[in-house]
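One file, start-v3.txt, carrying compact mmCIF, C-alpha atoms and all ligand atoms:
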```txt
# COMPACT_ATOMS: atom_id res chain seq x y z
CA THR A 1 0.00 0.00 0.00
CA PRO A 2 1.45 3.41 -0.97
CA LYS A 3 2.39 5.68 1.96
CA ALA A 4 0.17 8.37 0.50
CA PHE A 5 -2.50 8.43 -2.19
CA ASP A 6 -4.83 11.11 -3.52
CA TRP A 7 -7.47 10.40 -6.16
CA ARG A 8 -7.58 14.10 -7.00
CA ASP A 9 -4.17 13.55 -8.63
CA HIS A 10 -5.73 10.88 -10.85
CA GLY A 11 -8.70 12.88 -12.10
CA ALA A 12 -11.27 10.84 -10.18
CA VAL A 13 -12.77 13.67 -8.11
CA THR A 14 -15.12 16.46 -9.24
CA PRO A 15 -14.82 19.97 -7.80
CA VAL A 16 -16.18 20.49 -4.27
CA LYS A 17 -19.95 21.00 -4.29
CA ASN A 18 -22.31 22.79 -1.90
CA GLN A 19 -25.43 21.11 -0.56
CA GLY A 20 -26.85 24.41 0.68
CA GLN A 21 -29.67 24.45 3.23
CA CYS A 22 -30.64 20.84 2.57
CA GLY A 23 -29.66 17.73 4.54
CA SER A 24 -28.54 15.96 1.37
CA CYS A 25 -24.96 15.20 2.44
CA TRP A 26 -25.76 11.50 1.94
CA ALA A 27 -26.50 12.14 -1.77
CA PHE A 28 -23.18 13.97 -2.28
CA SER A 29 -21.31 11.16 -0.55
CA THR A 30 -23.03 8.72 -2.93
CA THR A 31 -22.46 10.66 -6.17
CA GLY A 32 -18.84 11.34 -5.17
CA ASN A 33 -18.18 7.64 -4.80
CA ILE A 34 -19.86 6.76 -8.10
CA GLU A 35 -18.14 9.61 -9.97
CA GLY A 36 -14.86 8.08 -8.83
CA GLN A 37 -15.76 4.50 -9.65
CA TRP A 38 -16.95 5.49 -13.12
CA GLN A 39 -13.88 7.63 -13.90
CA ILE A 40 -11.50 4.90 -12.82
CA LYS A 41 -13.27 2.44 -15.12
CA ASN A 42 -13.92 4.76 -18.10
CA LYS A 43 -11.11 7.35 -17.76
CA ARG A 44 -13.66 10.17 -17.99
CA LEU A 45 -14.95 12.31 -15.09
CA ILE A 46 -18.66 13.11 -15.13
CA SER A 47 -20.45 15.13 -12.42
CA LEU A 48 -23.52 13.19 -11.31
CA SER A 49 -26.91 14.30 -10.03
CA GLU A 50 -27.63 14.59 -6.30
CA GLN A 51 -31.05 16.13 -7.00
CA GLU A 52 -32.18 12.90 -8.66
CA LEU A 53 -31.50 11.14 -5.35
CA VAL A 54 -33.12 13.89 -3.25
CA ASP A 55 -36.30 13.78 -5.38
CA CYS A 56 -36.51 10.15 -6.52
CA ASP A 57 -34.77 7.94 -3.92
CA LYS A 58 -37.79 6.85 -1.89
CA LEU A 59 -35.72 4.77 0.54
CA ASP A 60 -34.25 8.02 1.87
CA GLU A 61 -35.64 11.32 3.03
CA GLY A 62 -34.27 13.95 0.67
CA CYS A 63 -33.29 17.09 2.56
CA ASN A 64 -34.11 15.32 5.81
CA GLY A 65 -31.39 12.73 5.51
CA GLY A 66 -30.43 9.44 4.00
CA LEU A 67 -27.84 6.69 3.69
CA PRO A 68 -25.52 5.93 0.79
CA SER A 69 -26.37 2.24 1.19
CA ASN A 70 -30.04 3.05 0.57
CA ALA A 71 -29.12 5.35 -2.32
CA TYR A 72 -27.18 2.59 -4.11
CA MET A 73 -30.28 0.38 -3.98
CA SER A 74 -32.50 3.19 -5.25
CA ILE A 75 -30.11 3.95 -8.09
CA MET A 76 -30.32 0.31 -9.18
CA LYS A 77 -34.13 0.36 -8.88
CA LEU A 78 -34.45 3.65 -10.82
CA GLY A 79 -32.09 2.45 -13.54
CA GLY A 80 -29.08 4.69 -13.01
CA LEU A 81 -27.89 8.25 -12.44
CA GLU A 82 -28.28 11.32 -14.64
CA THR A 83 -25.60 14.01 -14.94
CA GLU A 84 -25.51 17.12 -12.76
CA GLY A 85 -26.20 19.07 -15.96
CA ASP A 86 -29.30 17.08 -16.90
CA TYR A 87 -30.79 16.94 -13.40
CA LYS A 88 -29.63 20.16 -11.72
CA TYR A 89 -29.17 20.61 -7.98
CA ASP A 90 -31.76 22.91 -6.37
CA GLY A 91 -31.16 22.04 -2.71
CA GLU A 92 -34.80 21.39 -1.83
CA ASP A 93 -37.22 18.46 -1.98
CA GLU A 94 -38.92 18.49 -5.37
CA LYS A 95 -41.11 16.26 -7.55
CA CYS A 96 -39.10 13.47 -9.16
CA THR A 97 -38.40 14.34 -12.81
CA PHE A 98 -36.14 11.36 -13.46
CA ASN A 99 -35.72 10.65 -17.18
CA LYS A 100 -34.43 7.13 -17.78
CA SER A 101 -33.28 8.02 -21.30
CA GLU A 102 -30.82 10.49 -19.74
CA VAL A 103 -29.10 7.88 -17.53
CA VAL A 104 -25.31 7.94 -18.03
CA VAL A 105 -24.11 5.74 -15.15
CA LYS A 106 -25.50 2.42 -13.93
CA ILE A 107 -24.38 0.45 -10.91
CA SER A 108 -24.58 -3.31 -10.38
CA GLY A 109 -24.28 -3.39 -6.59
CA ALA A 110 -22.33 -2.13 -3.62
CA VAL A 111 -19.72 -3.32 -1.13
CA ASN A 112 -19.06 -2.74 2.55
CA ILE A 113 -15.44 -1.91 3.27
CA SER A 114 -13.44 -3.05 6.32
CA SER A 115 -13.38 -0.76 9.37
CA ASN A 116 -9.65 -1.49 9.73
CA GLU A 117 -8.05 1.75 8.62
CA ASP A 118 -5.02 0.04 7.08
CA ASP A 119 -7.36 -2.14 5.00
CA MET A 120 -9.37 0.98 4.10
CA ALA A 121 -6.21 2.68 2.80
CA SER A 122 -5.34 -0.39 0.71
CA TRP A 123 -8.87 -0.61 -0.65
CA LEU A 124 -8.87 3.08 -1.52
CA ALA A 125 -5.52 2.99 -3.32
CA GLN A 126 -6.64 -0.03 -5.36
CA ASN A 127 -10.28 0.84 -6.01
CA GLY A 128 -11.15 4.50 -5.49
CA PRO A 129 -12.77 7.04 -3.13
CA ILE A 130 -14.84 5.64 -0.26
CA SER A 131 -18.26 6.86 0.87
CA ILE A 132 -18.37 7.13 4.68
CA GLY A 133 -20.60 8.17 7.53
CA ILE A 134 -19.00 10.34 10.21
CA ASN A 135 -19.94 12.31 13.30
CA ALA A 136 -19.61 15.89 12.04
CA ASN A 137 -19.15 17.47 15.48
CA ALA A 138 -15.50 18.31 14.87
CA MET A 139 -16.26 19.62 11.37
CA GLN A 140 -18.45 22.48 12.57
CA PHE A 141 -15.41 24.26 14.01
CA TYR A 142 -12.76 23.09 11.57
CA PHE A 143 -10.47 25.67 10.00
CA GLY A 144 -7.71 23.46 8.67
CA GLY A 145 -4.97 21.12 9.80
CA ILE A 146 -5.34 17.54 10.97
CA SER A 147 -8.50 17.20 13.09
CA HIS A 148 -8.04 14.81 16.02
CA PRO A 149 -10.84 15.32 18.54
CA TRP A 150 -11.19 13.14 21.64
CA SER A 151 -14.02 10.64 21.34
CA ILE A 152 -15.89 12.40 24.17
CA PHE A 153 -16.24 15.36 21.79
CA CYS A 154 -16.98 13.22 18.72
CA ASN A 155 -18.91 10.08 19.58
CA PRO A 156 -17.89 7.44 17.01
CA LYS A 157 -21.26 5.76 17.55
CA SER A 158 -23.42 8.69 16.45
CA LEU A 159 -22.82 9.25 12.76
CA ASP A 160 -24.75 12.19 11.31
CA HIS A 161 -22.98 13.17 8.10
CA GLY A 162 -22.12 11.53 4.78
CA VAL A 163 -18.82 12.45 3.12
CA LEU A 164 -16.15 10.96 0.83
CA ILE A 165 -12.58 9.86 1.59
CA VAL A 166 -10.52 10.66 -1.52
CA GLY A 167 -7.03 10.00 -0.19
CA TYR A 168 -4.63 9.68 2.70
CA GLY A 169 -1.13 10.80 3.73
CA VAL A 170 1.24 11.49 6.61
CA GLU A 171 2.31 14.93 7.89
CA GLY A 172 5.32 14.60 10.16
CA SER A 173 4.29 11.63 12.28
CA GLU A 174 0.54 12.22 11.85
CA PRO A 175 -1.28 9.87 9.45
CA TYR A 176 -4.41 11.48 8.04
CA TRP A 177 -7.38 10.94 5.73
CA ILE A 178 -8.35 13.49 3.06
CA VAL A 179 -12.13 13.92 3.15
CA LYS A 180 -14.22 15.70 0.52
CA ASN A 181 -17.08 17.60 2.16
CA SER A 182 -20.16 19.13 0.48
CA TRP A 183 -20.25 22.48 2.25
CA GLY A 184 -18.63 24.44 -0.58
CA PRO A 185 -14.97 25.24 -1.38
CA ASP A 186 -14.72 28.01 1.24
CA TRP A 187 -15.17 25.57 4.12
CA GLY A 188 -12.12 23.84 5.68
CA GLU A 189 -9.13 23.30 3.39
CA LYS A 190 -10.65 24.36 0.03
CA GLY A 191 -13.71 22.28 0.90
CA TYR A 192 -11.70 19.37 2.29
CA TYR A 193 -11.25 17.98 5.81
CA ARG A 194 -8.08 16.30 6.99
CA VAL A 195 -8.63 13.98 9.94
CA TYR A 196 -6.32 11.73 11.94
CA ARG A 197 -6.01 8.23 10.42
CA GLY A 198 -5.82 5.13 12.63
CA GLY A 199 -7.90 6.02 15.65
CA GLY A 200 -11.48 5.47 14.50
CA VAL A 201 -11.91 9.22 14.87
CA CYS A 202 -15.59 10.32 14.89
CA GLY A 203 -16.61 6.87 13.67
CA LEU A 204 -15.25 7.51 10.16
CA ASN A 205 -14.31 3.84 9.80
CA THR A 206 -17.65 2.35 10.81
CA MET A 207 -19.78 2.83 7.71
CA CYS A 208 -17.54 2.62 4.65
CA THR A 209 -19.15 1.68 1.36
CA SER A 210 -18.73 1.83 -2.38
CA ALA A 211 -20.94 1.23 -5.35
CA VAL A 212 -19.89 -1.28 -8.02
CA VAL A 213 -20.13 0.34 -11.44
CA ASN A 214 -20.79 -2.08 -14.25
C1 LIG A 301 -31.05 15.96 8.54
C2 LIG A 301 -30.08 15.14 7.78
C3 LIG A 301 -28.73 15.71 7.87
C4 LIG A 301 -27.74 14.99 6.95
C5 LIG A 301 -26.51 15.83 6.75
C6 LIG A 301 -26.67 17.16 6.84
S1 LIG A 301 -25.34 18.22 6.88
O1 LIG A 301 -25.80 19.52 6.50
O2 LIG A 301 -24.28 17.76 6.06
C7 LIG A 301 -24.77 18.34 8.51
C8 LIG A 301 -24.36 17.22 9.18
C9 LIG A 301 -23.90 17.33 10.48
C10 LIG A 301 -23.86 18.57 11.10
C11 LIG A 301 -24.30 19.70 10.43
C12 LIG A 301 -24.77 19.58 9.12
N1 LIG A 301 -27.38 13.73 7.52
C13 LIG A 301 -27.71 12.60 6.91
O3 LIG A 301 -28.33 12.54 5.88
C14 LIG A 301 -27.20 11.36 7.61
C15 LIG A 301 -26.00 10.89 6.82
C16 LIG A 301 -25.40 9.62 7.29
C17 LIG A 301 -25.56 9.19 8.60
C18 LIG A 301 -24.97 7.99 8.99
C19 LIG A 301 -24.20 7.26 8.08
C20 LIG A 301 -24.04 7.71 6.79
C21 LIG A 301 -24.66 8.90 6.39
N2 LIG A 301 -28.25 10.39 7.63
C22 LIG A 301 -29.37 10.65 8.38
O4 LIG A 301 -29.59 11.71 8.94
N3 LIG A 301 -30.27 9.64 8.49
C23 LIG A 301 -29.96 8.26 8.10
C24 LIG A 301 -31.12 7.62 7.41
C25 LIG A 301 -32.38 7.73 8.24
N4 LIG A 301 -33.55 7.09 7.64
C26 LIG A 301 -34.50 6.76 8.72
C27 LIG A 301 -35.73 6.07 8.17
O5 LIG A 301 -35.34 4.90 7.48
C28 LIG A 301 -34.48 5.19 6.36
C29 LIG A 301 -33.20 5.85 6.88
C30 LIG A 301 -32.66 9.24 8.43
C31 LIG A 301 -31.54 9.87 9.17
```
Write out the structure in this file as structure tokens.
Amino acid sequence: TPKAFDWRDHGAVTPVKNQGQCGSCWAFSTTGNIEGQWQIKNKRLISLSEQELVDCDKLDEGCNGGLPSNAYMSIMKLGGLETEGDYKYDGEDEKCTFNKSEVVVKISGAVNISSNEDDMASWLAQNGPISIGINANAMQFYFGGISHPWSIFCNPKSLDHGVLIVGYGVEGSEPYWIVKNSWGPDWGEKGYYRVYRGGGVCGLNTMCTSAVVN
């Protein structure tokens, strides 16, 4: 496993997006993972639609929350994902206007990834960005650097946010994950969150998934 890896260097990550005043983080975590899987397979990066999931994924609750694992199932049921351009993000719950003829990406399933952070790093380097659930407590007051809150301030058992691990590295003696957030590019480190790797920080290792793109 490489000591450091960053899928942004391999063209597998779209620019940081902004979910706005809508609890659709789970949809951005899902599209981010599938954008990566599709690019790695097809060598082309396409921005995919979160609004399709907000409006049409009936296993989840749009702006009131959801789970990537549910979203993968809904994407299979619907027949695939449309592009960001074809099904624009509005950041509110709207009527489903899914158009199957506009589907560009289909998935054939999903996998759960080990909660062992060394195995996660290996999986990421070999396969692509990982969709995760995390307790966002330490993200509310994050202004850069490597976040390493004590578990009493970031309960690893209460996940409330969906994000995307796109890489990992070491700064000095501190191993860290590189996490793509969906709160716009002005938040954190140009929209990204670096968090200590190897301590199960904020439960980031407890709900790691990826879609399988066919
Ligand atoms: C109100 C929903 C907020 C939203 C993210 C909003 S947010 O703006 O990014 C944010 C997060 C934290 C602090 C501040 C702001 N959070 C979610 O969607 C989180 C994301 C998540 C949690 C755990 C693992 C993975 C992903 N999920 C959730 O909030 N939910 C998970 C699914 C659950 N459903 C219950 C009924 O049966 C179907 C499932 C509803 C609650």
How close does each residue of chain A get to ligand LIG 301 (chain A), giving the shortest atom pair and distance in Å to one decimal for every residue with an atom at most 6 Å away, counting all atoms listed in the file, sorted by chain and residue number, as CSV?
```
residue,atom,partner,partner_atom,distance
A:Gly23,CA,A:LIG301,C6,3.8
A:Ser24,CA,A:LIG301,O3,5.7
A:Cys25,CA,A:LIG301,O2,4.5
A:Trp26,CA,A:LIG301,O3,4.8
A:Leu59,CA,A:LIG301,C28,6.0
A:Asp60,CA,A:LIG301,C28,5.3
A:Asn64,CA,A:LIG301,C1,4.2
A:Gly65,CA,A:LIG301,O3,3.1
A:Gly66,CA,A:LIG301,C24,3.9
A:Leu67,CA,A:LIG301,C21,4.7
A:Gly133,CA,A:LIG301,C20,3.5
A:Ala136,CA,A:LIG301,C9,4.8
A:Leu159,CA,A:LIG301,C18,4.5
A:Asp160,CA,A:LIG301,C17,4.1
A:His161,CA,A:LIG301,C15,4.0
A:Gly162,CA,A:LIG301,C21,4.0
```
Q) If you count all atoms listed in the file, which residues fall within 9 Å of A:Tyr193, apart from same-chain ones fewer than 2 positions away, as a list in words? A)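 Answer for this query is Met139, Tyr142, Phe143, Gly144, Gly145, Ile146, Ser147, Trp177, Ile178, Val179, Lys180, Asn181, Trp187, Gly188, Glu189, Lys190, Gly191 and Val195 of chain A.
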(Q) For a test of reading the model, state the distance in Å between atom CA of A:Val104 and atom CA of A:Val54, rounded to one decimal. (A)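 Going from atom CA of A:Val104 over to atom CA of A:Val54, I get 17.7 Å.
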Q: Fewer than 6 positions away in the same chain doesn't count, so skip those; otherwise give me all residues within 8 Å of A:Asn155, counting only C-alpha atoms, as a list in words.
A: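 The contact residues come out as Asn135, Cys202 and Gly203 of chain A.
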Q) Using only C-alpha atoms, which of the listed residues (A:Lys157, A:Lys3, A:Lys100, A:His10) sits closest to A:Ile40? A)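 Distance minimum relative to A:Ile40 lands on A:His10.
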Q. Can you list, as number ranges by chain, every protein, DNA or RNA residue that comes within 8 Å of A:Pro129 when you count all atoms listed in the file, leaving out same-chain residues fewer than 2 positions away?
A. A: 7, 32-33, 36-37, 124, 127, 131, 164-167, 210
Q: Within 12 Å of (-31.0, 9.5, -22.0) (coordinates as in the file), grab all the protein and nucleic acid residues, counting all atoms listed in the file, and write them out as a list in words.
A: Gly79, Gly80, Leu81, Glu82, Thr83, Asp86, Tyr87, Phe98, Asn99, Lys100, Ser101, Glu102, Val103, Val104 and Val105 of chain A
Q: To one decimal in Å, tell me the separation between atom CA of A:Met207 and atom CA of A:Ala138.
A: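 Atom CA of A:Ala138 lies 17.6 Å from atom CA of A:Met207.
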